[in-house]
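Read the structure below first, then the notes.
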Amino acid sequence: MWTSERNRNLPLREAAAELGSVTLGGDPAGVSLGGERRWLTVYGPGGYRWRPSAGSKVLVLKAGAEGESPCILGTAQEGGELKSGEVELSGGVCSALLGQEGLRLTGGESAALLGPEGVKLTGGAGGLELKGGRAELNGDLYLNGRPLYDVVRDILIDLLG
């Protein structure tokens with residue numbers, strides 16, 4: 001008889017970790033876990049700081065003997081192609097990729113690639129490439145806010161005039 005009733009009175013245990021949706025971004029944050037929990041501390045790897053934004057899906061660890069100290073451990077990774085060993089940091093429209101070709105920084109229409117071949121900067125319609133002791137400029141070139149053409153013209157007028 002005791003074996004048939006031993007499972008009836010067992011307390012229901014809450015999961016040690018749960019996926020939730022951020023309701024208040026920042027640190028501390030608020031997360032919906034069936035009901036909203038506020039003042040959750042956000043954790044990350046050493047030397048790395050981040051703040052979850054509202055709507056993000058996060059992993060919440062329920063620490064403490066009774067799960068009374070929930071905290072946010074991380075967020076689900078978004079799509080994107082990363083090769084083995086690569087690391088990408090992103091926030092808003094900016095990102096930094098430590099990849100097999102070097103370091104690539106992007107922000108809006110601008111980008112920079114620093115690799116073993118050299119440095120390449122692009123933005124809008126122009127760019128700069130430094131490779132093998134050579135610098136190549138594309139687009140308009142200004143010196144102290146004036147087009148380089150005008151500066152050179154003024155120097156020639158002074159020399160010849």
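Every chain in the structure tokens has a letter given in the order shown (A, B, ...), and although residue numbers restart at 1 in each chain, ligands are simply numbered from 1 in the order shown.
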For Gly74 in chain A, list every protein, DNA or RNA residue within 10 Å, evaluated using only C-alpha atoms, and leave out those in the same chain fewer than 6 positions away; present the list as a PyMOL selection string. chain A and resi 19+42-45+50-52+56-61
Give me a file of those residues, with N, CA, C and O atoms, as a PDB file, in the first residue's frame.
ATOM      1  N   LEU A  19      13.349  29.726 -19.810  1.00  0.00           N
ATOM      2  CA  LEU A  19      13.436  30.759 -20.833  1.00  0.00           C
ATOM      3  C   LEU A  19      12.362  31.801 -20.560  1.00  0.00           C
ATOM      4  O   LEU A  19      11.227  31.457 -20.246  1.00  0.00           O
ATOM      5  N   VAL A  42      21.977  40.725 -14.199  1.00  0.00           N
ATOM      6  CA  VAL A  42      22.416  40.217 -15.496  1.00  0.00           C
ATOM      7  C   VAL A  42      23.872  39.781 -15.375  1.00  0.00           C
ATOM      8  O   VAL A  42      24.718  40.560 -14.939  1.00  0.00           O
ATOM      9  N   TYR A  43      24.173  38.536 -15.760  1.00  0.00           N
ATOM     10  CA  TYR A  43      25.526  38.005 -15.712  1.00  0.00           C
ATOM     11  C   TYR A  43      26.067  37.762 -17.112  1.00  0.00           C
ATOM     12  O   TYR A  43      25.310  37.528 -18.045  1.00  0.00           O
ATOM     13  N   GLY A  44      27.376  37.817 -17.254  1.00  0.00           N
ATOM     14  CA  GLY A  44      28.058  37.529 -18.519  1.00  0.00           C
ATOM     15  C   GLY A  44      29.480  37.089 -18.225  1.00  0.00           C
ATOM     16  O   GLY A  44      29.945  37.146 -17.087  1.00  0.00           O
ATOM     17  N   PRO A  45      30.202  36.664 -19.245  1.00  0.00           N
ATOM     18  CA  PRO A  45      31.601  36.249 -19.050  1.00  0.00           C
ATOM     19  C   PRO A  45      32.440  37.412 -18.536  1.00  0.00           C
ATOM     20  O   PRO A  45      32.127  38.577 -18.778  1.00  0.00           O
ATOM     21  N   TRP A  50      26.892  43.455 -20.993  1.00  0.00           N
ATOM     22  CA  TRP A  50      25.776  43.581 -21.925  1.00  0.00           C
ATOM     23  C   TRP A  50      24.507  43.880 -21.143  1.00  0.00           C
ATOM     24  O   TRP A  50      24.420  43.637 -19.941  1.00  0.00           O
ATOM     25  N   ARG A  51      23.554  44.422 -21.832  1.00  0.00           N
ATOM     26  CA  ARG A  51      22.248  44.723 -21.264  1.00  0.00           C
ATOM     27  C   ARG A  51      21.195  44.158 -22.201  1.00  0.00           C
ATOM     28  O   ARG A  51      21.173  44.497 -23.391  1.00  0.00           O
ATOM     29  N   PRO A  52      20.309  43.317 -21.703  1.00  0.00           N
ATOM     30  CA  PRO A  52      19.255  42.792 -22.583  1.00  0.00           C
ATOM     31  C   PRO A  52      18.250  43.889 -22.917  1.00  0.00           C
ATOM     32  O   PRO A  52      17.993  44.776 -22.108  1.00  0.00           O
ATOM     33  N   SER A  56      13.783  40.632 -25.778  1.00  0.00           N
ATOM     34  CA  SER A  56      14.791  39.583 -25.962  1.00  0.00           C
ATOM     35  C   SER A  56      14.379  38.315 -25.222  1.00  0.00           C
ATOM     36  O   SER A  56      13.783  38.368 -24.148  1.00  0.00           O
ATOM     37  N   LYS A  57      14.723  37.177 -25.794  1.00  0.00           N
ATOM     38  CA  LYS A  57      14.523  35.890 -25.130  1.00  0.00           C
ATOM     39  C   LYS A  57      15.785  35.590 -24.341  1.00  0.00           C
ATOM     40  O   LYS A  57      16.884  35.618 -24.890  1.00  0.00           O
ATOM     41  N   VAL A  58      15.657  35.320 -23.037  1.00  0.00           N
ATOM     42  CA  VAL A  58      16.817  35.115 -22.178  1.00  0.00           C
ATOM     43  C   VAL A  58      16.686  33.821 -21.367  1.00  0.00           C
ATOM     44  O   VAL A  58      15.590  33.310 -21.156  1.00  0.00           O
ATOM     45  N   LEU A  59      17.849  33.323 -20.928  1.00  0.00           N
ATOM     46  CA  LEU A  59      17.901  32.164 -20.050  1.00  0.00           C
ATOM     47  C   LEU A  59      18.011  32.674 -18.617  1.00  0.00           C
ATOM     48  O   LEU A  59      18.921  33.442 -18.292  1.00  0.00           O
ATOM     49  N   VAL A  60      17.071  32.264 -17.767  1.00  0.00           N
ATOM     50  CA  VAL A  60      17.044  32.707 -16.378  1.00  0.00           C
ATOM     51  C   VAL A  60      17.366  31.519 -15.478  1.00  0.00           C
ATOM     52  O   VAL A  60      16.706  30.479 -15.553  1.00  0.00           O
ATOM     53  N   LEU A  61      18.414  31.665 -14.664  1.00  0.00           N
ATOM     54  CA  LEU A  61      18.792  30.652 -13.690  1.00  0.00           C
ATOM     55  C   LEU A  61      18.143  31.018 -12.367  1.00  0.00           C
ATOM     56  O   LEU A  61      18.234  32.163 -11.927  1.00  0.00           O
TER      57      LEU A  61
END
I'd like the contact shell of range 90-92 of chain A - 12 Å cut-off, only C-alpha atoms, skipping same-chain residues fewer than 4 positions apart - returned as a PyMOL selection string. chain A and resi 49-53+77-78+80+96-98+104-108
Could you check which of A:Glu36, A:Leu114, A:Ser21, A:Gly85 is closest to Gln100 in chain A, using only C-alpha atoms? A:Gly85
All strand (DSSP E or B) positions in chain A, as a count of residues only: 77
Between A:Tyr149, A:Gly20, A:Glu117, A:Val31, which has the minimum distance to Arg134 in chain A (counting only C-alpha atoms)?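 Closest candidate: A:Glu117.
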